[in-house]
Amino acid sequence: MNSSAKFLCRKVLMRYYSQRVSGIQSENPSLPLSNVRILDLTRIIAGPFCTMLLADLGAEVIKVEQPVTGDECRKWGPPFLNNTELSTYFTCVNRNKKSVCVDFKTPEGQQIIKDLAKQCDVLVENFVPGKLDRLNLGYKHLSEINSQLIYCSVTGFGSKGPYKDRPGYDIIAASIGGLLHITGHPDGPPCKVGIASIDLATGLYAHGAVMAALLHKYKTGKGQKIDCNLLSTQVSMLINVGANYLNAGIEGKRWGTSHANVVPHQVFKTSNGYVTIGTGSDKQYQDMCKVMNLQHLALDPRYLTGALILAMTSHLI
C-alpha cells in the first residue's frame, strides 16, 4: 500500500469512529459509561476482561489487534464458534466491542493509535513494560496529545523490579504468588485452579481502577497512569493465608476443599455423590447440627466455639 492509500485509509478510519461515537452514546444513554470511549490494545484474558466489563457498562470499546494474527486468544480452541476459526474462549471476554487491525510497527499505524487516543477517555494495554514507549505510544507520549487520557497498563510483574521485562501468564503468577502451593489435596502435588482466576481478578482490579480514575477525571479534568499486574493481584488474593503467615508465622499449605480457619467448611462424600457444607459462625454450626439431627454435637463442650472446633477438627470430621 502506497503512502497516499495509507493516508486515505487512516482518514476513513478516523471519520468512521468520529461519526460512530455519537450514535453509540444515544443507543442507551441510561448506561453509566455511555459517554466514555476506550481504546483497547489488550489481548489474551486480563486486559480484555477489564475492557469487556467497561463495555457492559455502556462504554464504547475499540479493540485494536495486529494484522493477520490478531489476538492470540482467537485461536485458543477447540471449541470454535459455529464451525468458524474463532474460539469460544475469545468470545467470552470480548463482547460488545468494535474491532480494527493496526500495525503498531509502522509510522502510519502509530499515527492511527495517536489519532484514536486523542478521542478516547481511556487506553488499556498489556504489553511488556517499555514496548509501547519505544514505539512512542507510552503514557508520556500520549498524555502530551491528550492530557485527560487515563492510561491503564496490565502487566505480569509490574513496571519496576527484576521481573518487569518478563511476559506473564495466569499460571506463572499463580505459581510464583503461592496459589498453586495452597491448592489441591494435602498429600498431592500443587494444583491449578479450574479457571484463569488471576487474569480475571487482575481485570477486575483494572476495571475498578479505571472507574475511580474516570471519577477523578470528572472532578479535576486530569487523566492519569494506572499500573496493574498479575503477581500483585495474586499476592493480594492470599488474604487469610497471607495474614496467617505474616501475623502468626503459620505457613500456607494445601487443604483440599477444607478451610484453614473454619470448620466444617468443605466437600463431603455421600452414598450418592457429594455435598458441600459451609458454616461461618457458631450459630450456623448449631443450625447445621439441628438440620442434620446431630444436636449432640452442638451441645458437646468440645465444639461450642469455632476456635474449639478448629482445634478438634480431626475428631469432628
# chains A, B, ... in the order shown; residues from 1 in each chain; ligands from 1
call {"tool": "residues_around", "arguments": {"residues": "Pro78 (chain A)", "least_positions_apart": "6", "cutoff": "10 Å", "atoms": "only C-alpha atoms", "output": "PyMOL selection string"}}
result
chain A and resi 85-89
call {"tool": "select_by_dssp", "arguments": {"residues": "region 39-277 of chain A", "states": "alpha helix (DSSP H)", "output": "PyMOL selection string"}}
result
chain A and resi 46-56+88-91+107-118+131-134+139-145+170-176+197-220+230-236+239-248
call {"tool": "residues_around", "arguments": {"residues": "region 270-280 of chain A", "least_positions_apart": "3", "cutoff": "12 Å", "atoms": "only C-alpha atoms", "output": "number ranges by chain"}}
result
A: 257-259, 261-267, 283-289, 291-292, 305-307, 309-310, 317
call {"tool": "closest_atom_pairs", "arguments": {"of": "region 206-282 of chain A", "to": "region 123-147 of chain A", "cutoff": "12 Å", "atoms": "only C-alpha atoms", "output": "tab-separated table"}}
result
residue	atom	partner	partner_atom	distance
A:Ala206	CA	A:Val124	CA	8.9
A:His207	CA	A:Val124	CA	9.9
A:Ala209	CA	A:Val124	CA	11.3
A:Val210	CA	A:Val124	CA	9.1
A:Ala213	CA	A:Leu123	CA	11.8
A:Leu214	CA	A:Leu123	CA	11.7
A:Lys217	CA	A:Ser147	CA	10.3
A:Thr220	CA	A:Ser147	CA	11.5
A:Gly221	CA	A:Ser147	CA	8.6
A:Lys222	CA	A:Ser147	CA	6.5
A:Gly223	CA	A:Ser147	CA	6.0
A:Gln224	CA	A:Ser147	CA	8.4
A:Lys225	CA	A:Tyr139	CA	6.9
A:Ile226	CA	A:Val124	CA	9.2
A:Asp227	CA	A:Asn126	CA	10.0
A:Cys228	CA	A:Asn126	CA	9.4
A:Asn229	CA	A:Asn126	CA	9.2
A:Leu230	CA	A:Asn126	CA	10.8
call {"tool": "select_by_dssp", "arguments": {"residues": "region 73-168 of chain A", "states": "strand (DSSP E)", "output": "MDAnalysis selection string"}}
result
chainID A and resid 97:101 122:125 150:155
call {"tool": "residues_around", "arguments": {"residues": "Val64 (chain A)", "least_positions_apart": "4", "cutoff": "8 Å", "atoms": "only C-alpha atoms", "output": "ChimeraX atom specification"}}
result
/A:39-42,99-102
call {"tool": "closest_residue", "arguments": {"among": "A:Asp199, A:Leu215, A:Trp255, A:Thr155", "to": "His185 (chain A)", "atoms": "only C-alpha atoms"}}
result
A:Trp255
call {"tool": "closest_residue", "arguments": {"among": "A:Lys253, A:Leu57, A:Leu149, A:Thr202", "to": "Pro190 (chain A)", "atoms": "only C-alpha atoms"}}
result
A:Lys253
